[in-house]
file work-v8.cif (mmCIF, C-alpha atoms)
data_structure
loop_
_atom_site.label_atom_id
_atom_site.label_comp_id
_atom_site.auth_asym_id
_atom_site.auth_seq_id
_atom_site.Cartn_x
_atom_site.Cartn_y
_atom_site.Cartn_z
CA MET A 173 -33.04 -83.63 -58.30
CA GLU A 174 -35.68 -86.25 -58.84
CA ARG A 175 -37.81 -86.17 -55.68
CA PRO A 176 -39.53 -83.48 -53.62
CA ASP A 177 -37.38 -84.27 -50.60
CA THR A 178 -34.22 -83.72 -52.61
CA GLN A 179 -35.25 -80.09 -52.74
CA SER A 180 -34.44 -79.80 -49.06
CA ALA A 181 -30.79 -80.17 -49.95
CA VAL A 182 -31.16 -77.28 -52.34
CA VAL A 183 -33.31 -74.81 -50.46
CA GLU A 184 -33.72 -76.00 -46.87
CA GLU A 185 -32.54 -72.69 -45.60
CA MET A 186 -29.21 -73.38 -47.36
CA GLY A 187 -27.52 -73.64 -44.00
CA GLY A 188 -29.32 -70.57 -42.69
CA PRO A 189 -31.70 -70.08 -39.79
CA GLY A 190 -35.44 -70.41 -40.04
CA ILE A 191 -36.84 -73.48 -38.38
CA GLY A 192 -37.31 -72.72 -34.74
CA THR A 193 -36.92 -68.95 -34.94
CA SER A 194 -39.40 -66.69 -33.26
CA PRO A 195 -42.56 -65.78 -35.17
CA SER A 196 -41.63 -62.11 -35.16
CA THR A 197 -38.36 -62.77 -36.93
CA SER A 198 -38.49 -61.85 -40.60
CA ARG A 199 -36.25 -62.86 -43.44
CA PRO A 200 -33.01 -60.83 -43.47
CA ARG A 201 -32.92 -58.06 -46.05
CA ARG A 202 -29.32 -58.55 -47.07
CA ARG A 203 -28.27 -61.43 -49.22
CA SER A 204 -26.38 -64.06 -47.29
CA TRP A 205 -23.49 -66.05 -48.66
CA ALA A 206 -24.23 -69.48 -50.01
CA SER A 207 -21.92 -72.23 -51.18
CA THR A 208 -21.29 -72.65 -54.88
CA GLU A 209 -22.79 -76.14 -54.79
CA LYS A 210 -26.10 -74.92 -53.39
CA LEU A 211 -26.28 -72.08 -55.89
CA VAL A 212 -25.59 -74.48 -58.76
CA LEU A 213 -28.32 -76.86 -57.60
CA ALA A 214 -30.84 -74.05 -57.18
CA PHE A 215 -30.07 -72.57 -60.60
CA ALA A 216 -30.25 -76.04 -62.14
CA ALA A 217 -33.72 -76.42 -60.66
CA ILE A 218 -35.12 -73.23 -62.19
CA TYR A 219 -33.20 -73.66 -65.46
CA LEU A 220 -34.01 -77.31 -66.18
CA ILE A 221 -37.21 -78.01 -64.25
CA TRP A 222 -39.00 -74.81 -65.19
CA GLY A 223 -37.92 -75.40 -68.78
CA SER A 224 -39.78 -78.71 -68.67
CA THR A 225 -42.98 -77.27 -67.17
CA TYR A 226 -44.02 -75.83 -70.55
CA LEU A 227 -44.93 -79.38 -71.58
CA GLY A 228 -46.48 -80.13 -68.19
CA ILE A 229 -48.80 -77.11 -68.40
CA LYS A 230 -49.82 -77.97 -71.95
CA ILE A 231 -50.75 -81.51 -70.91
CA ALA A 232 -52.51 -80.45 -67.69
CA ILE A 233 -54.86 -77.96 -69.36
CA GLU A 234 -55.96 -80.46 -72.00
CA THR A 235 -58.94 -81.41 -69.81
CA ILE A 236 -58.69 -78.97 -66.86
CA PRO A 237 -59.55 -75.24 -67.21
CA PRO A 238 -56.35 -73.14 -66.97
CA PHE A 239 -57.04 -70.91 -63.94
CA LEU A 240 -58.56 -73.74 -61.91
CA MET A 241 -55.65 -76.00 -62.85
CA ALA A 242 -53.05 -73.41 -61.83
CA GLY A 243 -54.87 -72.56 -58.60
CA THR A 244 -55.22 -76.22 -57.63
CA ARG A 245 -51.57 -76.81 -58.40
CA PHE A 246 -50.33 -74.03 -56.13
CA ILE A 247 -52.80 -74.71 -53.31
CA ILE A 248 -51.82 -78.39 -53.09
CA ALA A 249 -48.09 -77.63 -53.30
CA GLY A 250 -48.38 -74.77 -50.82
CA ALA A 251 -50.42 -76.81 -48.33
CA LEU A 252 -47.97 -79.73 -48.44
CA LEU A 253 -45.00 -77.44 -47.93
CA TYR A 254 -46.74 -75.41 -45.21
CA PHE A 255 -47.68 -78.39 -43.04
CA TRP A 256 -44.29 -80.02 -43.58
CA SER A 257 -42.51 -76.81 -42.49
CA ARG A 258 -44.76 -76.40 -39.44
CA ARG A 259 -44.28 -80.03 -38.47
CA ARG A 260 -40.51 -79.49 -38.51
CA GLY A 261 -40.83 -76.69 -35.99
CA ALA A 262 -41.47 -73.47 -37.91
CA TRP A 263 -43.41 -70.87 -35.95
CA PRO A 264 -46.89 -69.82 -37.12
CA PRO A 265 -46.70 -66.82 -39.48
CA THR A 266 -47.87 -63.46 -38.19
CA THR A 267 -50.71 -61.44 -39.72
CA ALA A 268 -48.19 -59.05 -41.25
CA GLN A 269 -46.31 -61.95 -42.84
CA TRP A 270 -49.53 -63.34 -44.33
CA ARG A 271 -50.22 -59.86 -45.72
CA SER A 272 -46.83 -59.85 -47.44
CA ALA A 273 -47.50 -63.34 -48.80
CA VAL A 274 -50.81 -62.17 -50.30
CA ILE A 275 -49.04 -59.29 -52.07
CA ILE A 276 -46.33 -61.57 -53.47
CA GLY A 277 -48.83 -64.29 -54.38
CA ALA A 278 -50.94 -61.73 -56.24
CA LEU A 279 -47.93 -60.38 -58.15
CA LEU A 280 -46.26 -63.69 -59.01
CA PHE A 281 -49.15 -66.09 -59.49
CA LEU A 282 -52.26 -64.03 -60.21
CA GLY A 283 -50.42 -61.31 -62.14
CA GLY A 284 -47.61 -63.35 -63.67
CA ASN A 285 -48.95 -66.88 -64.08
CA GLY A 286 -52.54 -65.75 -64.52
CA ALA A 287 -51.62 -63.28 -67.27
CA LEU A 288 -49.72 -65.95 -69.17
CA THR A 289 -52.57 -68.45 -68.81
CA TRP A 290 -55.14 -65.96 -70.11
CA ALA A 291 -53.02 -64.41 -72.86
CA GLU A 292 -51.91 -67.71 -74.40
CA GLU A 293 -55.46 -68.13 -75.69
CA ARG A 294 -55.08 -64.88 -77.67
CA VAL A 295 -51.36 -64.59 -78.45
CA ASP A 296 -49.13 -66.97 -80.37
CA SER A 297 -46.88 -68.97 -78.05
CA GLY A 298 -43.76 -67.68 -79.81
CA LEU A 299 -44.64 -64.06 -79.09
CA ALA A 300 -45.63 -64.99 -75.53
CA CYS A 301 -42.21 -66.55 -75.03
CA LEU A 302 -40.47 -63.42 -76.33
CA LEU A 303 -42.55 -61.03 -74.20
CA LEU A 304 -41.85 -63.06 -71.06
CA ALA A 305 -38.15 -62.76 -71.85
CA THR A 306 -38.50 -59.09 -70.81
CA ILE A 307 -38.61 -60.21 -67.15
CA PRO A 308 -34.81 -59.87 -66.72
CA LEU A 309 -34.96 -56.42 -68.30
CA TRP A 310 -37.72 -55.31 -65.91
CA MET A 311 -35.90 -56.70 -62.88
CA VAL A 312 -32.59 -55.01 -63.70
CA LEU A 313 -34.12 -51.64 -64.61
CA ILE A 314 -36.45 -51.50 -61.58
CA GLY A 315 -33.70 -52.61 -59.22
CA HIS A 316 -31.30 -50.06 -60.68
CA ALA A 317 -33.92 -47.31 -60.30
CA GLN A 318 -34.45 -48.31 -56.66
CA GLN A 319 -30.77 -48.05 -55.94
CA LYS A 320 -30.45 -44.66 -57.60
CA ALA A 321 -33.45 -43.37 -55.64
CA ARG A 322 -31.70 -44.37 -52.41
CA HIS A 323 -28.32 -43.05 -53.62
CA GLN A 324 -26.93 -46.57 -53.28
CA GLY A 325 -26.69 -47.39 -56.94
CA THR A 326 -24.01 -49.32 -58.72
CA VAL A 327 -23.00 -48.65 -62.31
CA LEU A 328 -25.13 -50.73 -64.66
CA GLY A 329 -22.28 -52.49 -66.43
CA GLY A 330 -21.97 -52.95 -70.16
CA ARG A 331 -21.79 -56.72 -69.67
CA VAL A 332 -25.24 -56.78 -68.09
CA ILE A 333 -26.70 -54.52 -70.80
CA ALA A 334 -25.12 -56.66 -73.52
CA GLY A 335 -26.36 -59.82 -71.80
CA LEU A 336 -29.93 -58.54 -71.65
CA GLY A 337 -29.83 -57.63 -75.33
CA LEU A 338 -28.31 -60.96 -76.37
CA GLY A 339 -30.87 -62.86 -74.32
CA ILE A 340 -33.85 -61.18 -75.97
CA ALA A 341 -32.21 -61.59 -79.39
CA GLY A 342 -31.60 -65.26 -78.69
CA ILE A 343 -35.23 -65.88 -77.74
CA GLY A 344 -36.37 -63.98 -80.84
CA LEU A 345 -34.14 -66.14 -83.03
CA LEU A 346 -35.31 -69.29 -81.25
CA VAL A 347 -38.96 -68.44 -81.90
CA GLY A 348 -38.31 -67.32 -85.44
CA PRO A 349 -39.65 -64.22 -87.21
CA SER A 350 -42.45 -66.14 -88.91
CA ASN A 351 -43.78 -67.41 -85.58
CA LEU A 352 -43.76 -64.14 -83.67
CA LEU A 353 -46.91 -62.68 -85.17
CA GLY A 354 -48.79 -65.91 -85.75
CA HIS A 355 -51.21 -66.06 -88.68
CA GLY A 356 -53.54 -63.20 -87.77
CA GLY A 357 -51.24 -60.45 -86.53
CA VAL A 358 -50.65 -59.44 -82.93
CA ASP A 359 -53.52 -59.29 -80.45
CA ARG A 360 -52.64 -56.00 -78.77
CA LEU A 361 -54.66 -56.69 -75.63
CA GLY A 362 -53.08 -60.12 -75.20
CA ALA A 363 -49.58 -58.70 -75.75
CA ALA A 364 -50.25 -55.88 -73.27
CA VAL A 365 -51.51 -58.33 -70.65
CA LEU A 366 -48.38 -60.45 -71.12
CA LEU A 367 -46.11 -57.44 -70.66
CA CYS A 368 -48.03 -56.47 -67.53
CA GLY A 369 -47.69 -60.04 -66.30
CA ALA A 370 -43.92 -59.96 -66.87
CA LEU A 371 -43.77 -56.65 -64.99
CA ALA A 372 -45.86 -58.05 -62.12
CA TRP A 373 -43.55 -61.08 -61.82
CA ALA A 374 -40.49 -58.82 -61.78
CA VAL A 375 -41.97 -56.52 -59.11
CA GLY A 376 -42.98 -59.50 -56.96
CA SER A 377 -39.53 -61.04 -57.30
CA LEU A 378 -37.83 -57.80 -56.24
CA TYR A 379 -40.25 -57.24 -53.35
CA SER A 380 -39.93 -60.76 -51.95
CA PRO A 381 -36.40 -60.58 -50.45
CA LYS A 382 -37.18 -57.47 -48.40
CA ALA A 383 -40.80 -58.30 -47.50
CA ASP A 384 -41.90 -59.16 -43.96
CA LEU A 385 -41.80 -62.95 -44.34
CA PRO A 386 -40.69 -65.86 -42.15
CA ARG A 387 -36.96 -66.58 -42.17
CA SER A 388 -37.81 -70.10 -43.29
CA THR A 389 -37.61 -70.03 -47.08
CA LEU A 390 -39.85 -73.08 -47.32
CA LEU A 391 -42.55 -71.62 -45.08
CA ALA A 392 -42.47 -68.31 -46.96
CA ALA A 393 -42.73 -70.09 -50.33
CA SER A 394 -45.65 -72.18 -49.09
CA MET A 395 -47.54 -69.07 -47.97
CA GLU A 396 -47.00 -67.38 -51.32
CA MET A 397 -48.21 -70.45 -53.22
CA LEU A 398 -51.26 -70.83 -50.98
CA THR A 399 -52.36 -67.22 -51.34
CA GLY A 400 -51.58 -67.12 -55.07
CA GLY A 401 -53.46 -70.39 -55.60
CA VAL A 402 -56.55 -69.09 -53.82
CA LEU A 403 -56.50 -65.93 -55.95
CA LEU A 404 -56.25 -68.02 -59.13
CA ILE A 405 -59.21 -70.16 -58.03
CA VAL A 406 -61.22 -66.99 -57.41
CA LEU A 407 -60.24 -65.77 -60.88
CA GLY A 408 -61.40 -69.08 -62.33
CA LEU A 409 -64.75 -68.72 -60.59
CA VAL A 410 -65.16 -65.13 -61.76
CA THR A 411 -64.42 -66.13 -65.37
CA ARG A 412 -66.93 -69.02 -65.05
CA GLU A 413 -64.40 -71.76 -65.74
CA THR A 414 -66.49 -74.08 -63.59
CA ALA A 415 -69.08 -74.14 -66.38
CA GLY A 416 -66.58 -75.96 -68.57
CA LEU A 417 -65.27 -78.27 -65.86
CA ASP A 418 -66.33 -81.90 -66.09
CA LEU A 419 -64.57 -84.15 -63.60
CA SER A 420 -65.55 -87.25 -65.54
CA VAL A 421 -63.54 -86.20 -68.61
CA ILE A 422 -60.32 -85.27 -66.81
CA SER A 423 -57.71 -87.54 -68.36
CA ILE A 424 -54.91 -89.49 -66.77
CA ARG A 425 -52.51 -87.39 -68.87
CA SER A 426 -53.80 -84.18 -67.27
CA ILE A 427 -53.58 -85.70 -63.79
CA LEU A 428 -49.98 -86.74 -64.45
CA GLY A 429 -49.26 -83.29 -65.86
CA ILE A 430 -50.55 -81.42 -62.82
CA SER A 431 -48.81 -83.92 -60.52
CA TYR A 432 -45.51 -83.13 -62.23
CA LEU A 433 -46.17 -79.40 -61.91
CA ILE A 434 -46.93 -79.75 -58.19
CA THR A 435 -43.92 -81.91 -57.41
CA PHE A 436 -41.21 -80.44 -59.57
CA GLY A 437 -42.49 -77.10 -60.86
CA SER A 438 -43.67 -75.88 -57.44
CA LEU A 439 -42.17 -77.91 -54.58
CA VAL A 440 -38.71 -77.97 -56.14
CA GLY A 441 -38.66 -75.20 -58.73
CA PHE A 442 -40.45 -72.34 -57.00
CA THR A 443 -38.85 -72.91 -53.60
CA SER A 444 -35.44 -72.87 -55.31
CA TYR A 445 -36.39 -69.62 -57.05
CA ASN A 446 -37.63 -68.13 -53.79
CA TRP A 447 -34.35 -68.97 -52.08
CA LEU A 448 -32.26 -67.59 -54.94
CA LEU A 449 -34.00 -64.22 -54.67
CA SER A 450 -32.27 -63.75 -51.31
CA HIS A 451 -28.92 -65.28 -52.26
CA ALA A 452 -28.20 -64.02 -55.79
CA SER A 453 -28.66 -60.76 -57.67
CA PRO A 454 -31.88 -60.06 -59.62
CA ALA A 455 -29.97 -59.97 -62.92
CA ARG A 456 -28.58 -63.46 -62.33
CA VAL A 457 -31.77 -65.03 -61.03
CA SER A 458 -33.81 -63.65 -63.92
CA THR A 459 -31.64 -65.44 -66.50
CA TYR A 460 -34.00 -68.41 -66.15
CA ALA A 461 -36.37 -66.55 -68.52
CA TYR A 462 -33.75 -66.94 -71.27
CA VAL A 463 -32.78 -70.52 -70.51
CA ASN A 464 -36.24 -72.09 -70.03
CA PRO A 465 -37.39 -71.80 -73.68
CA VAL A 466 -34.11 -73.31 -74.89
CA VAL A 467 -34.47 -76.21 -72.45
CA ALA A 468 -38.06 -76.70 -73.60
CA VAL A 469 -36.97 -76.92 -77.26
CA PHE A 470 -34.21 -79.44 -76.56
CA LEU A 471 -36.53 -81.52 -74.38
CA GLY A 472 -38.93 -81.61 -77.31
CA TRP A 473 -36.07 -82.88 -79.46
CA ALA A 474 -34.96 -85.51 -76.92
CA VAL A 475 -38.38 -86.71 -75.76
CA ALA A 476 -40.80 -85.97 -78.59
CA HIS A 477 -38.26 -86.28 -81.45
CA GLU A 478 -38.96 -82.74 -82.60
CA HIS A 479 -36.67 -81.25 -85.24
CA VAL A 480 -33.77 -79.02 -84.13
CA THR A 481 -32.42 -76.65 -86.79
CA PHE A 482 -29.24 -74.64 -87.12
CA ARG A 483 -31.26 -71.58 -86.07
CA THR A 484 -32.11 -73.36 -82.81
CA LEU A 485 -28.44 -74.05 -82.11
CA ALA A 486 -27.49 -70.45 -82.94
CA ALA A 487 -30.23 -69.15 -80.63
CA ALA A 488 -29.04 -71.45 -77.85
CA ALA A 489 -25.50 -70.10 -78.30
CA LEU A 490 -26.76 -66.51 -77.95
CA VAL A 491 -28.68 -67.40 -74.79
CA VAL A 492 -25.64 -69.14 -73.27
CA ALA A 493 -23.52 -66.09 -74.07
CA ALA A 494 -26.13 -63.79 -72.51
CA VAL A 495 -26.26 -65.81 -69.30
CA ALA A 496 -22.45 -65.95 -69.14
CA LEU A 497 -22.19 -62.16 -69.49
CA ILE A 498 -24.76 -61.50 -66.78
CA ILE A 499 -23.52 -64.11 -64.31
CA THR A 500 -19.83 -63.19 -64.61
CA HIS A 501 -20.45 -59.44 -64.25
CA ARG A 502 -18.96 -57.80 -61.18
CA ALA A 503 -20.71 -54.68 -59.94
CA ARG A 504 -18.77 -51.41 -59.83
CA PRO A 505 -20.01 -48.88 -57.27
CA ALA A 506 -21.13 -45.57 -58.70
CA ALA A 507 -18.82 -42.64 -57.95
CA ARG A 508 -20.09 -40.33 -55.25
CA PRO A 509 -18.66 -37.35 -53.39
CA LEU A 510 -16.61 -37.92 -50.28
CA GLU A 511 -18.50 -37.48 -47.06
CA VAL A 512 -17.64 -37.65 -43.38
CA VAL A 513 -19.07 -40.64 -41.57
CA SER A 514 -19.07 -40.76 -37.83
CA PRO A 515 -17.46 -43.83 -36.21
CA ASN A 516 -20.80 -44.99 -34.89
CA GLU A 517 -22.69 -44.52 -38.14
CA GLU A 518 -23.11 -47.64 -40.23
CA GLU A 519 -23.36 -47.40 -44.02
CA ALA A 520 -26.63 -48.77 -45.39
CA ALA A 521 -26.49 -51.81 -47.63
CA PRO A 522 -27.72 -51.56 -51.24
CA LEU A 523 -31.42 -52.31 -51.52
CA VAL A 524 -31.11 -54.54 -54.58
CA PRO A 525 -27.58 -55.65 -55.52
CA LEU A 526 -27.05 -55.85 -59.27
CA ASP A 527 -23.74 -57.68 -59.40
#

call {"tool": "encode", "arguments": {"input": "work-v8.cif", "output": "structure tokens"}}
result
Amino acid sequence: MERPDTQSAVVEEMGGPGIGTSPSTSRPRRRSWASTEKLVLAFAAIYLIWGSTYLGIKIAIETIPPFLMAGTRFIIAGALLYFWSRRRGAWPPTTAQWRSAVIIGALLFLGGNGALTWAEERVDSGLACLLLATIPLWMVLIGHAQQKARHQGTVLGGRVIAGLGLGIAGIGLLVGPSNLLGHGGVDRLGAAVLLCGALAWAVGSLYSPKADLPRSTLLAASMEMLTGGVLLIVLGLVTRETAGLDLSVISIRSILGISYLITFGSLVGFTSYNWLLSHASPARVSTYAYVNPVVAVFLGWAVAHEHVTFRTLAAAALVVAAVALIITHRARPAARPLEVVSPNEEEAAPLVPLD
């Protein structure tokens, strides 16, 4: 995928309804089936493109304050996607749908992206990478707890547990023990904020598929980016980032960096992620948190001629094994007592499938 419009082949409803549906129609709560090709393209987008955005963010914030940069990125991407979706016939969102978008935007972008942006000034990037790798763990544990609370749980398989452990171990090996603590020890506040950010991203990701949102995946993603971007701008104003903003010193490199983030990181990457949340299990979708750092390292080797060691290759092998275990797992329903179900009574679907 090399252009924004190519993303439509990946996430343009994936053959599902959306454009032209009534404004009161919300996204279905159950996951719908999607072709293998579309799933592969969507996973490739969040694996490869989001792995490359590490470099894009680093370049963009060279001359643009972090919160203002992130807010501008998501507002521009969200506005483009919103008007494009509306022009193609999507109905105007309802007040309730905008409310859901604000909640998701706050969790994903203000809580998740904002926490990372703030904490990276206090925490070594290696530790930040490892703490963000807890996102799959949060998503699986919270989803499993939801299912148990509704007596719809599936058995949390050993393959998934082993995959989660291998993934975190792989990221730890990739970062390296000497780089985890940095040179001055761990900033506890920064580490705590990062963990809260990972938790916020996981909660937002689990809430999104069942939230009251438009059936159009593109329209829903645009609303989430718009609201999240506005919240990030407000955060930038509150933290007085405008005092350090000088438009005359913004470099071409930073402009190119934020342009890449808008086009690929948001228009292609986030809309693919948003679609996957309704078409794949949380455990599988969250594997991007393991793959992205590995992609970033190998891009550094291929583009910037950075050195790749045997430890890097071993870490990559652990991550690949972790992803394989999680993706190939098949859920096994938890045993429950037999009960009589009337012919007219329909069995409820699991809230968050963990297959």

call {"tool": "atom_distance", "arguments": {"input": "work-v8.cif", "atom1": "CA of Val495 in chain A", "atom2": "CA of Leu313 in chain A"}}
result
16.9 Å

call {"tool": "residues_near_point", "arguments": {"input": "work-v8.cif", "point": "(-52.1, -76.0, -51.6)", "cutoff": "12 Å", "atoms": "all atoms listed in the file", "output": "MDAnalysis selection string"}}
result
chainID A and resid 241:256 393:405 434:435 438:439

call {"tool": "atom_distance", "arguments": {"input": "work-v8.cif", "atom1": "CA of Trp222 in chain A", "atom2": "CA of Val457 in chain A"}}
result
12.9 Å

call {"tool": "atom_distance", "arguments": {"input": "work-v8.cif", "atom1": "CA of Leu385 in chain A", "atom2": "CA of Pro265 in chain A"}}
result
7.9 Å

call {"tool": "closest_residue", "arguments": {"input": "work-v8.cif", "among": "A:Ile498, A:Val406, A:Leu211, A:Ala487", "to": "Leu282 in chain A", "atoms": "only C-alpha atoms"}}
result
A:Val406

call {"tool": "resolve_selection", "arguments": {"input": "work-v8.cif", "expression": "the PyMOL selection byres ((chain A and resi 459) around 10)", "output": "PyMOL selection string"}}
result
chain A and resi 215+218-219+305+307-309+335-336+339+454-458+460-464+491-492+494-496+498-499

call {"tool": "resolve_selection", "arguments": {"input": "work-v8.cif", "expression": "the PyMOL selection byres ((chain A and resi 421-426) around 10)", "output": "list in words"}}
result
Gly228, Ile229, Lys230, Ile231, Ala232, Ile233, Glu234, Thr235, Ile236, Met241, Leu417, Asp418, Leu419, Ser420, Ile427, Leu428, Gly429, Ile430, Ser431 and Tyr432 of chain A

call {"tool": "closest_residue", "arguments": {"input": "work-v8.cif", "among": "A:Ser377, A:Val466, A:Leu220, A:Thr414", "to": "Ile314 in chain A", "atoms": "all atoms listed in the file"}}
result
A:Ser377

call {"tool": "resolve_selection", "arguments": {"input": "work-v8.cif", "expression": "the PyMOL selection byres ((chain A and resi 361-365) around 10)", "output": "VMD selection string"}}
result
chain A and resid 283 to 284 286 to 288 290 to 296 299 to 300 303 358 to 360 366 to 371

call {"tool": "closest_residue", "arguments": {"input": "work-v8.cif", "among": "A:Leu391, A:Ile333, A:Met311, A:Val467", "to": "Leu227 in chain A", "atoms": "all atoms listed in the file"}}
result
A:Val467

call {"tool": "closest_residue", "arguments": {"input": "work-v8.cif", "among": "A:Lys382, A:His316, A:Arg331, A:Arg322", "to": "Leu449 in chain A", "atoms": "only C-alpha atoms"}}
result
A:Lys382

call {"tool": "closest_residue", "arguments": {"input": "work-v8.cif", "among": "A:Leu490, A:Leu378, A:Val475, A:Val274", "to": "Leu448 in chain A", "atoms": "only C-alpha atoms"}}
result
A:Leu378

call {"tool": "closest_residue", "arguments": {"input": "work-v8.cif", "among": "A:Ile276, A:Ile221, A:Leu497, A:Ala216", "to": "Gly437 in chain A", "atoms": "all atoms listed in the file"}}
result
A:Ile221
